[in-house]
Structures are given as C-alpha cells and as structure tokens.
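Listing of data-v3.txt; format and content: compact mmCIF, C-alpha atoms.
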# COMPACT_ATOMS: atom_id res chain seq x y z
CA MET A 249 -0.68 -0.39 20.78
CA THR A 250 0.49 -1.34 24.28
CA GLU A 251 -2.96 -0.97 25.86
CA ILE A 252 -4.27 -3.77 23.69
CA GLY A 253 -3.21 -6.22 26.37
CA LYS A 254 -5.77 -4.90 28.88
CA THR A 255 -8.51 -7.17 27.57
CA ASP A 256 -8.81 -10.95 27.18
CA HIS A 257 -9.66 -10.67 23.51
CA LEU A 258 -10.64 -8.19 20.81
CA SER A 259 -13.48 -8.78 18.34
CA PHE A 260 -13.65 -7.70 14.70
CA LYS A 261 -15.80 -8.25 11.65
CA ALA A 262 -13.76 -9.81 8.88
CA GLN A 263 -14.19 -11.37 5.45
CA TRP A 264 -12.44 -13.60 2.96
CA TYR A 265 -13.25 -14.02 -0.72
CA ASP A 266 -13.01 -17.72 -1.59
CA LEU A 267 -11.87 -17.83 -5.22
CA GLU A 268 -12.71 -21.52 -5.64
CA SER A 269 -16.36 -21.15 -4.65
CA SER A 270 -16.66 -17.47 -5.68
CA LEU A 271 -18.19 -16.74 -2.28
CA LEU A 272 -17.53 -13.91 0.14
CA LYS A 273 -17.29 -15.51 3.55
CA LYS A 274 -17.86 -13.39 6.65
CA PHE A 275 -16.43 -13.99 10.09
CA ILE A 276 -16.03 -12.70 13.59
CA LEU A 277 -12.31 -12.56 14.19
CA TYR A 278 -11.17 -12.89 17.79
CA PHE A 279 -7.65 -11.78 18.66
CA PHE A 280 -6.06 -12.79 21.98
CA PRO A 281 -3.27 -10.33 22.90
CA SER A 282 -1.76 -12.53 25.60
CA ASP A 283 -0.34 -14.99 23.08
CA ASN A 284 -1.04 -13.41 19.66
CA THR A 285 -3.56 -16.10 18.70
CA ILE A 286 -6.66 -15.69 16.55
CA GLU A 287 -9.95 -17.52 16.09
CA LEU A 288 -12.45 -17.26 13.24
CA PHE A 289 -16.18 -17.83 13.59
CA ASP A 290 -18.27 -18.17 10.40
CA THR A 291 -21.31 -15.91 10.79
CA LYS A 292 -23.38 -17.71 8.13
CA THR A 293 -22.90 -21.31 9.20
CA ARG A 294 -22.67 -20.29 12.88
CA LYS A 295 -19.70 -22.62 13.23
CA LEU A 296 -16.09 -22.29 14.22
CA PHE A 297 -14.02 -21.85 11.03
CA LEU A 298 -10.59 -21.71 12.67
CA LYS A 299 -9.86 -22.88 16.20
CA ARG A 300 -7.78 -20.51 18.31
CA THR A 301 -4.25 -20.72 16.95
CA ARG A 302 -1.11 -18.70 16.37
CA CYS A 303 -0.45 -17.51 12.81
CA GLU A 304 3.13 -16.76 11.88
CA GLY A 305 3.85 -13.07 11.56
CA ILE A 306 0.58 -11.83 13.09
CA THR A 307 0.92 -9.69 16.22
CA ALA A 308 -1.08 -6.93 17.88
CA GLU A 309 0.30 -4.30 15.50
CA HIS A 310 -1.36 -6.08 12.55
CA ILE A 311 -4.82 -6.22 14.10
CA TYR A 312 -6.78 -3.11 13.15
CA VAL A 313 -9.75 -2.15 11.00
CA GLY A 314 -8.72 -1.72 7.37
CA ASN A 315 -5.83 -4.17 7.44
CA THR A 316 -5.50 -7.40 5.48
CA ILE A 317 -3.79 -10.32 7.23
CA MET A 318 -2.64 -13.65 5.85
CA VAL A 319 -4.14 -16.62 7.71
CA PHE A 320 -2.89 -19.93 6.32
CA SER A 321 -2.73 -18.55 2.75
CA ARG A 322 -6.13 -16.86 3.08
CA GLN A 323 -6.35 -13.09 2.85
CA ILE A 324 -8.59 -12.01 5.69
CA VAL A 325 -9.79 -8.42 5.52
CA ILE A 326 -10.58 -6.80 8.88
CA ASN A 327 -13.39 -4.42 7.96
CA ASP A 328 -15.07 -3.32 11.21
CA TYR A 329 -15.29 -3.66 14.97
CA ALA A 330 -17.57 -6.43 16.21
CA ASN A 331 -18.46 -4.79 19.52
CA ASN A 332 -18.27 -1.45 21.32
CA VAL A 333 -15.64 -2.62 23.81
CA THR A 334 -13.14 -3.24 21.03
CA LYS A 335 -14.16 -0.06 19.21
CA GLU A 336 -13.75 2.15 22.29
CA GLN A 337 -10.36 0.65 23.07
CA LEU A 338 -8.88 0.85 19.56
CA GLU A 339 -10.79 3.48 17.58
CA HIS A 340 -8.14 6.15 18.13
CA LYS A 341 -5.25 3.72 18.34
CA MET A 342 -5.23 2.92 14.62
CA GLN A 343 -7.20 5.63 12.90
CA ARG A 344 -7.80 5.82 9.16
CA THR A 345 -6.93 8.98 7.29
CA PHE A 346 -6.16 10.04 3.72
CA ALA A 347 -3.35 11.82 1.88
CA LEU A 348 -2.92 12.84 -1.75
CA ILE A 349 0.55 13.56 -3.15
CA LYS A 350 -0.09 16.30 -5.70
CA PRO A 351 1.64 16.62 -9.10
CA ASP A 352 4.13 19.14 -7.71
CA GLY A 353 5.02 16.67 -4.96
CA LEU A 354 5.73 13.75 -7.30
CA GLN A 355 9.42 14.58 -7.74
CA ASN A 356 9.79 14.15 -3.97
CA LYS A 357 7.49 11.15 -3.53
CA GLY A 358 10.24 8.94 -2.15
CA ASN A 359 11.09 11.50 0.53
CA ILE A 360 7.43 12.14 1.34
CA LEU A 361 6.75 8.41 1.73
CA ASN A 362 9.80 8.15 3.98
CA ILE A 363 8.44 10.91 6.22
CA LEU A 364 5.07 9.17 6.50
CA ILE A 365 6.62 5.78 7.22
CA SER A 366 9.17 7.12 9.72
CA ASN A 367 6.28 8.72 11.60
CA HIS A 368 4.72 5.28 12.04
CA PHE A 369 1.97 5.52 9.43
CA LYS A 370 1.01 2.24 7.80
CA ILE A 371 0.05 2.43 4.13
CA ALA A 372 -3.15 0.41 3.79
CA LYS A 373 -3.92 1.35 0.18
CA LEU A 374 -2.05 3.23 -2.52
CA LYS A 375 -2.42 3.96 -6.21
CA MET A 376 -1.21 6.47 -8.78
CA VAL A 377 -4.04 7.86 -10.90
CA ASN A 378 -4.95 10.61 -13.34
CA MET A 379 -7.80 12.86 -12.21
CA THR A 380 -10.30 14.48 -14.56
CA LYS A 381 -11.82 17.91 -13.99
CA ASP A 382 -15.03 16.22 -12.83
CA ASP A 383 -13.02 14.07 -10.40
CA VAL A 384 -11.39 17.13 -8.84
CA LEU A 385 -14.68 19.05 -8.57
CA GLU A 386 -16.34 16.08 -6.89
CA PHE A 387 -13.38 15.53 -4.57
CA TYR A 388 -13.39 19.22 -3.52
CA SER A 389 -17.18 19.63 -3.66
CA GLU A 390 -17.28 21.39 -0.27
CA HIS A 391 -15.11 24.18 -1.76
CA LYS A 392 -17.43 24.86 -4.70
CA GLY A 393 -17.36 28.56 -5.64
CA GLU A 394 -14.17 29.37 -3.76
CA SER A 395 -11.63 31.47 -5.62
CA PHE A 396 -8.72 29.03 -5.31
CA LEU A 397 -10.58 26.02 -6.76
CA PRO A 398 -9.87 26.67 -10.49
CA PHE A 399 -6.14 26.75 -9.71
CA VAL A 400 -6.40 23.46 -7.79
CA VAL A 401 -8.28 21.90 -10.73
CA ASP A 402 -5.58 23.01 -13.18
CA LEU A 403 -2.86 21.54 -10.97
CA LEU A 404 -4.49 18.18 -10.24
CA VAL A 405 -5.37 17.43 -13.88
CA SER A 406 -1.90 18.41 -15.09
CA ALA A 407 -0.15 15.17 -14.04
CA PRO A 408 -0.72 12.02 -11.99
CA VAL A 409 -1.40 12.05 -8.25
CA ILE A 410 -0.77 9.39 -5.60
CA ALA A 411 -3.70 8.49 -3.34
CA LEU A 412 -2.88 7.00 0.07
CA GLU A 413 -5.10 5.44 2.69
CA LEU A 414 -3.08 5.65 5.90
CA MET A 415 -3.44 4.07 9.32
CA GLY A 416 -1.81 5.47 12.42
CA GLU A 417 -2.26 6.08 16.11
CA ARG A 418 -4.48 9.18 16.27
CA GLY A 419 -3.76 9.27 12.55
CA LEU A 420 -5.97 12.19 11.53
CA GLU A 421 -4.47 14.67 13.99
CA LYS A 422 -0.93 13.39 13.48
CA LEU A 423 -1.10 13.66 9.67
CA ILE A 424 -2.45 17.21 9.78
CA LYS A 425 0.47 18.21 11.99
CA LEU A 426 2.98 16.33 9.83
CA VAL A 427 1.71 17.94 6.60
CA GLY A 428 1.81 21.44 8.08
CA PRO A 429 -0.04 24.69 7.26
CA SER A 430 -1.47 25.00 3.75
CA ASP A 431 0.79 27.98 3.00
CA PRO A 432 4.39 26.71 2.75
CA SER A 433 5.77 30.14 3.72
CA VAL A 434 3.85 29.92 7.00
CA ALA A 435 4.85 26.26 7.36
CA LYS A 436 8.56 27.16 7.08
CA THR A 437 8.16 29.37 10.16
CA LYS A 438 5.63 27.48 12.27
CA ALA A 439 6.41 23.89 11.25
CA PRO A 440 9.82 23.85 9.51
CA SER A 441 10.08 20.05 9.44
CA SER A 442 6.60 19.55 7.93
CA ILE A 443 6.10 18.19 4.41
CA ARG A 444 4.77 21.48 3.04
CA ALA A 445 7.64 23.45 4.55
CA LEU A 446 10.12 21.10 2.91
CA TYR A 447 8.50 20.58 -0.49
CA GLY A 448 5.69 23.12 -0.96
CA LYS A 449 5.88 26.23 -3.15
CA ASP A 450 2.62 28.11 -2.56
CA THR A 451 -0.91 27.57 -1.24
CA VAL A 452 -1.90 25.53 -4.32
CA LYS A 453 1.39 23.82 -5.12
CA ASN A 454 1.95 22.67 -1.55
CA ALA A 455 2.97 19.07 -2.35
CA ILE A 456 0.28 17.17 -0.45
CA HIS A 457 -3.37 17.19 0.63
CA ALA A 458 -4.52 15.68 3.94
CA SER A 459 -8.02 15.03 5.27
CA ASN A 460 -9.06 17.46 8.01
CA THR A 461 -11.93 15.51 9.63
CA ILE A 462 -12.85 11.87 10.22
CA GLU A 463 -15.81 12.33 7.88
CA SER A 464 -13.69 13.77 5.07
CA ALA A 465 -11.12 10.98 5.54
CA ASP A 466 -13.83 8.36 5.06
CA LYS A 467 -15.24 10.19 2.04
CA GLU A 468 -11.85 10.70 0.40
CA CYS A 469 -10.67 7.12 0.99
CA ASN A 470 -13.91 5.83 -0.50
CA PHE A 471 -13.62 8.20 -3.48
CA PHE A 472 -10.36 6.61 -4.56
CA PHE A 473 -10.52 3.09 -3.17
CA GLU A 474 -14.15 2.01 -3.02
CA THR A 475 -14.88 -0.52 -5.76
CA ARG A 476 -17.12 1.25 -8.25
CA CYS A 477 -17.07 1.77 -12.00
CA ASP A 478 -16.30 5.50 -11.84
CA SER A 479 -13.51 5.47 -9.24
CA PRO A 480 -10.14 6.69 -10.59
CA LYS A 481 -8.13 3.78 -11.98
CA ALA A 482 -4.44 3.09 -11.52
CA ILE A 483 -2.41 4.20 -14.52
CA ALA A 484 0.50 2.87 -16.55
CA THR A 485 2.02 3.93 -19.87
CA PHE A 486 2.70 0.39 -21.25
CA THR A 487 5.42 1.98 -23.40
CA ASN A 488 9.18 1.39 -23.07
CA SER A 489 8.68 0.29 -19.47
CA THR A 490 9.29 -2.65 -17.19
CA CYS A 491 7.82 -4.14 -14.04
CA CYS A 492 9.13 -3.91 -10.49
CA ILE A 493 7.42 -5.34 -7.40
CA VAL A 494 8.43 -4.13 -3.94
CA LYS A 495 8.11 -7.35 -1.97
CA PRO A 496 6.09 -7.60 1.27
CA HIS A 497 9.13 -7.89 3.54
CA ALA A 498 10.66 -4.67 2.13
CA PHE A 499 7.31 -2.88 2.24
CA GLN A 500 6.69 -3.89 5.86
CA GLU A 501 10.26 -3.01 6.87
CA GLY A 502 9.66 0.58 5.76
CA LYS A 503 12.03 0.54 2.79
CA LEU A 504 9.51 1.73 0.18
CA GLY A 505 10.49 5.40 0.11
CA ASP A 506 14.20 4.65 -0.11
CA ILE A 507 13.69 2.14 -2.93
CA ILE A 508 11.62 4.61 -4.97
CA LYS A 509 14.15 7.37 -4.33
CA MET A 510 17.00 5.12 -5.47
CA ILE A 511 15.10 4.22 -8.64
CA GLU A 512 14.45 7.85 -9.58
CA ASP A 513 17.91 9.03 -8.55
CA ASN A 514 19.20 6.66 -11.24
CA ASN A 515 17.24 8.38 -14.03
CA PHE A 516 14.24 6.05 -14.08
CA THR A 517 10.69 7.26 -13.55
CA VAL A 518 7.88 5.54 -11.68
CA THR A 519 4.94 5.90 -14.07
CA GLY A 520 2.55 3.50 -12.36
CA MET A 521 1.97 2.42 -8.75
CA GLN A 522 -0.59 0.32 -6.96
CA LEU A 523 -0.64 -1.65 -3.73
CA PHE A 524 -1.84 -5.25 -4.01
CA TYR A 525 -2.67 -8.06 -1.61
CA LEU A 526 -2.08 -11.05 -3.87
CA GLU A 527 -3.98 -14.32 -3.66
CA LYS A 528 -1.86 -17.47 -3.91
CA VAL A 529 -3.29 -18.35 -7.33
CA ASN A 530 -2.19 -14.94 -8.69
CA ALA A 531 1.30 -15.19 -7.22
CA GLU A 532 1.75 -18.71 -8.65
CA GLU A 533 0.55 -17.55 -12.05
CA PHE A 534 2.76 -14.45 -12.07
CA LEU A 535 5.88 -16.42 -11.05
CA GLU A 536 5.11 -19.50 -13.14
CA ILE A 537 8.15 -18.94 -15.37
CA TYR A 538 10.34 -19.86 -12.36
CA LYS A 539 8.46 -23.08 -11.52
CA GLY A 540 10.75 -26.08 -11.89
CA VAL A 541 13.64 -23.77 -12.72
CA VAL A 542 14.37 -21.99 -9.45
CA PRO A 543 14.43 -24.15 -6.29
CA GLU A 544 13.07 -21.22 -4.25
CA TYR A 545 9.88 -21.00 -6.38
CA MET A 546 7.39 -21.92 -3.62
CA ASP A 547 9.20 -19.71 -1.11
CA MET A 548 9.00 -16.85 -3.64
CA VAL A 549 5.25 -17.42 -3.95
CA GLN A 550 4.86 -17.47 -0.18
CA GLN A 551 6.81 -14.24 0.18
CA LEU A 552 4.65 -12.50 -2.43
CA ILE A 553 1.42 -13.38 -0.60
CA SER A 554 2.76 -12.77 2.92
CA GLY A 555 1.60 -9.16 2.96
CA PRO A 556 1.06 -6.09 0.77
CA CYS A 557 3.29 -5.67 -2.27
CA LEU A 558 3.64 -2.57 -4.41
CA ALA A 559 3.59 -2.95 -8.18
CA LEU A 560 5.58 -0.31 -10.04
CA GLU A 561 5.79 0.50 -13.73
CA ILE A 562 9.30 1.79 -14.39
CA SER A 563 10.01 3.93 -17.45
CA GLY A 564 13.38 4.98 -18.76
CA GLN A 565 14.99 7.36 -21.21
CA SER A 566 16.11 4.72 -23.73
CA ASN A 567 14.59 1.81 -25.63
CA ASP A 568 16.30 -0.79 -23.45
CA THR A 569 14.64 0.12 -20.14
CA PRO A 570 14.06 -3.52 -19.05
CA ILE A 571 17.77 -4.34 -19.46
CA LYS A 572 19.05 -1.12 -17.87
CA PHE A 573 16.69 -1.38 -14.91
CA ARG A 574 17.56 -5.04 -14.41
CA GLU A 575 21.18 -3.92 -14.01
CA LEU A 576 20.17 -1.43 -11.30
CA VAL A 577 18.27 -4.12 -9.39
CA GLY A 578 21.26 -6.46 -9.35
CA PRO A 579 21.71 -10.25 -8.89
CA SER A 580 18.89 -12.21 -7.28
CA ASP A 581 21.13 -13.19 -4.35
CA PRO A 582 21.85 -10.07 -2.24
CA GLU A 583 25.02 -11.66 -0.86
CA ILE A 584 26.43 -11.92 -4.38
CA ALA A 585 25.06 -8.48 -5.21
CA CYS A 586 26.99 -6.99 -2.28
CA GLN A 587 30.21 -8.48 -3.62
CA ILE A 588 29.98 -7.74 -7.33
CA LYS A 589 27.26 -5.05 -7.64
CA PRO A 590 27.28 -3.16 -4.32
CA LYS A 591 25.40 -0.16 -5.66
CA THR A 592 22.30 -2.13 -6.71
CA ILE A 593 18.86 -2.22 -5.08
CA ARG A 594 19.20 -5.82 -3.89
CA ALA A 595 22.65 -5.22 -2.46
CA ARG A 596 21.30 -2.33 -0.43
CA PHE A 597 17.86 -3.61 0.60
CA GLY A 598 17.86 -7.40 0.12
CA LYS A 599 18.34 -10.05 2.80
CA ASN A 600 18.45 -13.39 0.94
CA LYS A 601 17.42 -14.94 -2.39
CA VAL A 602 13.71 -14.90 -1.44
CA GLU A 603 13.62 -11.69 0.59
CA ASN A 604 15.65 -9.76 -1.96
CA ALA A 605 13.64 -6.52 -1.77
CA VAL A 606 12.13 -6.46 -5.26
CA HIS A 607 11.01 -8.62 -8.14
CA VAL A 608 12.10 -7.34 -11.54
CA THR A 609 11.34 -8.55 -15.05
CA ASP A 610 14.25 -10.77 -16.08
CA LEU A 611 13.60 -11.11 -19.82
CA PRO A 612 13.02 -7.93 -21.88
CA GLU A 613 10.30 -9.66 -23.92
CA ASP A 614 8.31 -10.28 -20.71
CA ALA A 615 8.37 -6.66 -19.52
CA SER A 616 5.12 -5.53 -21.13
CA LEU A 617 3.37 -8.77 -20.11
CA GLU A 618 4.29 -8.30 -16.44
CA VAL A 619 3.23 -4.65 -16.43
CA GLU A 620 -0.07 -5.61 -18.05
CA TYR A 621 -0.61 -8.43 -15.54
CA PHE A 622 -0.81 -5.96 -12.67
CA PHE A 623 -2.07 -2.79 -14.31
CA LYS A 624 -4.61 -4.33 -16.69
CA LEU A 625 -5.54 -7.83 -15.53
CA LEU A 626 -5.48 -7.42 -11.74
CA CYS A 627 -6.69 -3.81 -11.84
CA SER A 628 -9.78 -4.90 -13.78
Spit out the file's structure as structure tokens when you get a sec.
Amino acid sequence: MTEIGKTDHLSFKAQWYDLESSLLKKFILYFFPSDNTIELFDTKTRKLFLKRTRCEGITAEHIYVGNTIMVFSRQIVINDYANNVTKEQLEHKMQRTFALIKPDGLQNKGNILNILISNHFKIAKLKMVNMTKDDVLEFYSEHKGESFLPFVVDLLVSAPVIALELMGERGLEKLIKLVGPSDPSVAKTKAPSSIRALYGKDTVKNAIHASNTIESADKECNFFFETRCDSPKAIATFTNSTCCIVKPHAFQEGKLGDIIKMIEDNNFTVTGMQLFYLEKVNAEEFLEIYKGVVPEYMDMVQQLISGPCLALEISGQSNDTPIKFRELVGPSDPEIACQIKPKTIRARFGKNKVENAVHVTDLPEDASLEVEYFFKLLCS
C-alpha cells in the first residue's frame, strides 16, 4: 500500500446503519494519507458529517473497499470507490477474492488460515455453513454436466464448509498461486508449498476452492455473504458446547489460525464460526454480566467493537465442555496465566486483562445462552 501516498486524498462511498433512527446513512469518505485523517460527507443532507480528523487505529492499510472501520464507535462500511482516480490507484492493491475450505480441509483449517494470513490476506468475512445439493449445483452452475460434479456435490454436502471473503494485494492471482493446481499430485511437484500440495488428496478432495476470475469472485462472495433469505446460514449444534470469541486485537494480529489449532489440538472441535463487526449496543448487552463487577467492563466493550471478532461454538467429548474449555483458556489476566497456567490460550496469545486474546463463557449455565446470542440472535 505504499503508493497510496502519491495523492492528496482518496475518495470512497461508505455507509453506516444508525440503530437509534433505523436509518442507513450514506457518505463520501475522504482519506488523507499524509496524516491518516478521514472526513465524512453526508450525501443526503449534503453536509459535512465529520470534519477531517484522525481516528485511533485507522491507517492506510485499513482503507479499502469491503472493509469496516470504527469511527468514534460507529461502524463505517467502505463499499465502493467514489471516483475513478481512487479506483485506478487501488483496484489491484486490495482486491477481493473468495475461498472455500472444503470438508476434507476442515481438520487442517487452523493451518490453512495461518497460510492465508501469513501471505498477507485480510479476512473480510467468514462463516461456517452446511451446503445443500441445490446450493452446490447453484455455486458450480458453470460446471453443469461435467463428469466430476456429482463427486463434488457428495463431498460438499457431507460436512460443513468454511466460506471466506479475502482481501489482498492482487488477491485473485495471489490466491490461485497459493492454493496450487487442482490435482494435489501435480501440486506436490509444481507447487510443493501450496495448500493443495500440503493438504489435498485428489482432484475432488483437494482441501480448498478458490475463485479463478474477478467475476466468479464477486459471484461467489455474494452467494455466501449477500443478505438474502436463501443464502447459506452460519451453523451451530447448540448441544454440549460453549462460546469463544476471538477478540479484535488477536484477529488483527494474525493469531486466528494458531488459536483454532490450539483449540483442536486439545481435543475440542470448532462446530460453528462466523465473523462479526459488533455494534456498541450488542457488545454492551453481551458483556452485561460484567457491568459493575469488573472494573475493565467499558474497556472490554471498546475492545469488542474495535474491529472484527470471530464467534466460535466449541464442542467437546464430555458433558462438561464449558468447564473443560474454560480451563484451556486460562485466567483472564495473561500475566497470571503465564505464571500459573502457562499452557493456556491467554498465556500464549494474551497481552493484558482487556486484550487477553479470547472471551470465553465463565459460567456453565450461560454457555448455551452465549452461543445462541451469536448464532441465533445476531445471525437472524
């Protein structure tokens, strides 16, 4: 993103849903690379909504189409370029593409996510879903009549899949190269470090699908993430499970894959996943049990709305999953965790009592309520 500094400012179309008035407000967002300041102009009232100012945590790397940024507790969605100058300068800099971790790739999802993140892809949207036969046939409609399609259908309906909207510099081309040839045996020779070479088995069970054109990337992202009644919904079992939230700081620091790998290496299973950009009212409601009890309550709320967070449903092999998983997460203070529980998630990935990597259900009786809050209430 270094070339972003060649212009005085960049212009984007943006929007914010005002919960209090139930109105979708639309803006032109101006970003000034010289000092990382932004300005918002309301397109309906034709008035300045936010005078040019610096917003904590927002830099050039956060300014791209498809991203959601936090501007004084308001979630501003950058949804398009506002002029051709900005488009021509940035269109290939942060390009949207799509990946689907197939059922045979699920056992290696932590490693696959690590590969994507370490190659500088930003995860803009993510959810774990079940696909129906009709979903698969619609998704692969351009391959109708081809001999391999029935085998693909059988695979994709056999277990959950993980849909990912990714952003990266020349993202489409880079992801295709990173995924590797469709035949893992060819990939092992021609691209031995590719995802399919590492985790694929054959041309159907090859761990991951990637979009091959800009048009297919748009179509496939919209298939899973466009708001419509028939789009695949995030799943959860709601049985013998508990809730875990990968906090924004850990997500943005690229720790997601390692956290998921640590969870599953300790005999827990991730049975539900979805990326959320929480509004302040939702974060306050979700954390209300800590209000007046924990002095860091407002800081915890602020952390949860500071960027994307990933909600996980965690399932275990016994009836006391909430208690067992709470033990794996460790004490809320990472400093204490390092001393008395050094092999816990917070000891390994936490920084302080607020930025402690993950939220976990503290009371077993609240586990189902917290899972339902994300995977029923917010998903609806």
Could you pull out every residue with an atom within 10 Å of (9.7, -11.5, -16.7), file coordinates, counting only C-alpha atoms, and send them as a CSV table (one decimal) with C-alpha atoms, keeping the file's coordinate frame?
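Once everything was written out, this is point_10.csv:
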chain,number,residue,atom,x,y,z
A,490,THR,CA,9.3,-2.6,-17.2
A,491,CYS,CA,7.8,-4.1,-14.0
A,492,CYS,CA,9.1,-3.9,-10.5
A,534,PHE,CA,2.8,-14.4,-12.1
A,535,LEU,CA,5.9,-16.4,-11.0
A,536,GLU,CA,5.1,-19.5,-13.1
A,537,ILE,CA,8.2,-18.9,-15.4
A,538,TYR,CA,10.3,-19.9,-12.4
A,570,PRO,CA,14.1,-3.5,-19.0
A,607,HIS,CA,11.0,-8.6,-8.1
A,608,VAL,CA,12.1,-7.3,-11.5
A,609,THR,CA,11.3,-8.6,-15.0
A,610,ASP,CA,14.2,-10.8,-16.1
A,611,LEU,CA,13.6,-11.1,-19.8
A,612,PRO,CA,13.0,-7.9,-21.9
A,613,GLU,CA,10.3,-9.7,-23.9
A,614,ASP,CA,8.3,-10.3,-20.7
A,615,ALA,CA,8.4,-6.7,-19.5
A,616,SER,CA,5.1,-5.5,-21.1
A,617,LEU,CA,3.4,-8.8,-20.1
A,618,GLU,CA,4.3,-8.3,-16.4
A,619,VAL,CA,3.2,-4.6,-16.4
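Take the candidates A:Leu271, A:Cys469, A:Ile326, A:Leu558 and check each one against Met521 in chain A using all atoms listed in the file; the shortest distance goes to A:Leu558.
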key: Among listed residues A:Thr485, A:Asn359, A:Gln522, A:Gln323, nearest Leu412 in chain A (using only C-alpha atoms)   =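 Using only C-alpha atoms, Leu412 in chain A sits closest to A:Gln522.
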task = For range 334-345 of chain A, work out the shell of residues within 6 Å, counting only C-alpha atoms and skipping chain neighbours fewer than 3 positions away, then give it as number ranges by chain.
result = A: 258, 329, 331, 414-420, 465
ask   = Can you tell me, as number ranges by chain, what residues are no more than 9 Å from Leu626 in chain A when counting only C-alpha atoms, ignoring any on the same chain fewer than 5 positions away?
value = A: 524, 530, 620-621
Range 386-391 of chain A surroundings by all atoms listed in the file, 9 Å radius, close-in-sequence under 6 positions cut, as an mmCIF file with C-alpha atoms, in the coordinates of the input:
data_model
loop_
_atom_site.group_PDB
_atom_site.id
_atom_site.type_symbol
_atom_site.label_atom_id
_atom_site.label_comp_id
_atom_site.auth_asym_id
_atom_site.auth_seq_id
_atom_site.Cartn_x
_atom_site.Cartn_y
_atom_site.Cartn_z
ATOM 1 C CA LEU A 397 -10.580 26.020 -6.760
ATOM 2 C CA LYS A 467 -15.240 10.190 2.040
ATOM 3 C CA GLU A 468 -11.850 10.700 0.400
ATOM 4 C CA PHE A 471 -13.620 8.200 -3.480
#
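For the residues A:Thr487, A:Ser430, A:Ser366, A:Thr380, ranking by smallest atom-to-atom distance to His457 in chain A using only C-alpha atoms places A:Ser430 first.
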message = Could you check the closest approach to Pro432 in chain A for each of A:Ile456, A:Ala411, A:Gly393, A:Phe320 and tell me which residue wins, using only C-alpha atoms?
response = A:Ile456
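With all atoms listed in the file as the atoms that count, the residue of A:Phe622, A:Phe473, A:Phe597, A:Tyr525 with the shortest distance to Ile317 in chain A is A:Tyr525.
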Using only C-alpha atoms, I'd like a table of the residues in range 369-403 of chain A that come within 12 Å of range 503-511 of chain A; for each, show the closest atom pair and its distance in Å rounded to one decimal, ordered by chain and ascending number, as a Markdown table.
| residue | atom | partner | partner_atom | distance |
| --- | --- | --- | --- | --- |
| A:Lys370 | CA | A:Leu504 | CA | 11.4 |
| A:Ile371 | CA | A:Leu504 | CA | 10.3 |
| A:Leu374 | CA | A:Leu504 | CA | 12.0 |
task = Determine the nearest neighbour of Leu296 in chain A from the options A:Asp328, A:Ile276, A:Ser479, A:Asn470, counting all atoms listed in the file.
result =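 Smallest separation from Leu296 in chain A among the options: A:Ile276.
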request  = Up to 7 Å from (-0.5, -11.0, 18.6) in the file's coordinates: name the residues, counting only C-alpha atoms, as a PyMOL selection string.
outcome  = chain A and resi 280-281+283-285+306-308
